[in-house]
Amino acid sequence: MTTLSSGFARARRWLRDHPLAFDAALALGALVAMICGSFADPGTGHGPTFGTRTPEPFSVLLMVLAALALVLRRRRPRAVLAATGVLSAAEYVLMDPPAPVIMSTVVALYTVASRTDRPTTWRVGLLSMGALTAAAMVFGSTPWYSQENLGVFAWTGMAGAAGDAVRSRRAFVDAIRERAERAERTREEEARRRVAEERLRIARDLHDVVAHHIALVNVQAGVAAHVMDKRPDQAKEALAHVRDASRSALNELRVTVGLLRQQGDPEAPTEPAPGLAVLGELVATFRNAGLPVEVACADRGVRLPAAVDLAAYRVIQEALTNVRKHAGAGARAEVSVVRVGATAEVTVLDDGRGSAARPGAGPGGAADGGPGVGGPGVGGPDSGGHGLVGMRERVTALGGALTAGPRYGGGFRVHAILPVEARTGEPERPGTAGGRGLRR
């Protein structure tokens, strides 16, 4: 039984791959059925009798022509239907009793109905049914109400209905398949989007950690090298700050890399993400590096959502790192965090004159880049910096806004507005926040 079913399956696949061969076999079967039916006499008694008559040569010719037309039923379905309909009508008009040439018309009408739309099926089907039924009733020797004439009407009607049902079924299956494929594509695109967002977030965290701590290490190492010979005690203190900054960097890197572990890997560290609760420790590291920082933080007892709290901390961290790297010697910084209605506003100001050597530095030491990310200033394509780009992405991902640019009279200002209710599920829109003169 298994061998028989597999053989049928192989034959079905072969016929599906070779439609012309299938149509030729169907045409041959229809020709055999028409010739066998032409030997039957309808009779007037208890049904048809076989072997009491033979088909006329003209009828055989019409049957052969109708069968040959069926070979092209897929390529020219309407033309084949018209040809077989004309041959069937000619048989009813010229021969009595007629041979069953109408079998070919039934097959052709089914093909048209299964391969066109429903309005076309109705128009062509009604026309074929009416014309052939009228020919059988008018030109036949039997009464118009005989079962042979009613059979013409019934068989052509069933052919159109069956073809329309098959077409509807195919359209339904194709729609289900298309929806399944679209759902699969959407699921894959969503997975790729989530992977890209997670990669961007991890890259942003790594940048924040490395840029902040390595900048402090660089500054303290420079101080230690400068005072090593004359003031060894101050050099030791600077090296201690280098050790603390490097230890903090390693701890934060360990936490970030732990996010990349797979299930079953050793357990990652579980230190909480930094936030405004440890803002004092962050400011202390900059003060130890020689940057005077003043902090004004209202509503210290109010806890922000975790995502907003982390974003505010990272904005302050990156902004102070930029001040320490770019504002120049003698610069001072001010940090303020204020709750205003349903938002939290974070502002970092400095009065530095900046470094003339840094890319994009304009008058007054501020980066004088073009609008938005990617201008000619620092943080654009000339410098390759990603500090303010990362801040902007963090803020806009939560539905907030960030502006950054030079202050009137010198210095730089970073201002972030964060909604208290973070919209972390929304897509990031890096281009929504404004700002000129971005610097890294």
# chains A, B, ... in the order shown; residues from 1 in each chain; ligands from 1

$ residues_around --residues "A:Pro77" --least-positions-apart "2" --cutoff "10 Å" --atoms "only C-alpha atoms" --output "ChimeraX atom specification"
/A:69-70,72-75,79-83,108-116

$ select_by_dssp --residues "stretch 120-340 of chain A" --states "strand (DSSP E)" --output "PyMOL selection string"
chain A and resi 293-297+333-340

$ write_last_selection --atoms "C-alpha atoms" --output "PDB file, in the first residue's frame"
ATOM      1  CA  VAL A 293      31.864  70.499  39.799  1.00  0.00           C
ATOM      2  CA  GLU A 294      28.860  72.062  41.502  1.00  0.00           C
ATOM      3  CA  VAL A 295      25.701  69.954  41.839  1.00  0.00           C
ATOM      4  CA  ALA A 296      22.123  71.139  42.285  1.00  0.00           C
ATOM      5  CA  CYS A 297      19.734  68.201  42.539  1.00  0.00           C
ATOM      6  CA  ALA A 333      31.174  72.650  35.594  1.00  0.00           C
ATOM      7  CA  GLU A 334      27.670  72.849  36.986  1.00  0.00           C
ATOM      8  CA  VAL A 335      25.178  69.970  37.118  1.00  0.00           C
ATOM      9  CA  SER A 336      21.489  70.337  37.862  1.00  0.00           C
ATOM     10  CA  VAL A 337      18.677  67.787  37.979  1.00  0.00           C
ATOM     11  CA  VAL A 338      15.198  69.253  38.378  1.00  0.00           C
ATOM     12  CA  ARG A 339      11.775  67.606  38.329  1.00  0.00           C
ATOM     13  CA  VAL A 340       9.368  69.751  36.246  1.00  0.00           C
TER      14      VAL A 340
END

$ closest_residue --among "A:Pro143, A:Gly352, A:Gly275, A:Gly222" --to "A:Ala289" --atoms "only C-alpha atoms"
A:Gly222

$ residues_around --residues "A:Cys36" --least-positions-apart "4" --cutoff "12 Å" --atoms "only C-alpha atoms" --output "number ranges by chain"
A: 29-32, 40-41, 49-51, 53-55, 60, 63, 99-101, 103

$ atom_distance --atom1 "atom CA of A:Asn251" --atom2 "atom CA of A:Ala215"
16.3 Å

$ atom_distance --atom1 "atom CA of A:His18" --atom2 "atom CA of A:Val71"
12.4 Å

$ closest_residue --among "A:Pro119, A:Pro419, A:Pro98, A:Gly405" --to "A:Met137" --atoms "only C-alpha atoms"
A:Pro98

$ closest_residue --among "A:Ala89, A:Ala175, A:Ala191, A:Val283" --to "A:Leu320" --atoms "only C-alpha atoms"
A:Val283

$ residues_around --residues "A:Ser141" --least-positions-apart "5" --cutoff "12 Å" --atoms "only C-alpha atoms" --output "ChimeraX atom specification"
/A:42-43,92-98,135-136,146,148-149

$ atom_distance --atom1 "atom CA of A:Trp122" --atom2 "atom CA of A:Phe172"
19.9 Å

$ closest_residue --among "A:Leu65, A:Leu239, A:Leu282, A:Val315" --to "A:His226" --atoms "only C-alpha atoms"
A:Leu239

$ residues_around --residues "A:Leu127" --least-positions-apart "6" --cutoff "12 Å" --atoms "only C-alpha atoms" --output "list of chain:residue names"
A:Leu81, A:Ala82, A:Gly85, A:Leu109, A:Thr120, A:Thr121, A:Thr133, A:Ala134, A:Phe153, A:Thr156, A:Gly157, A:Gly160
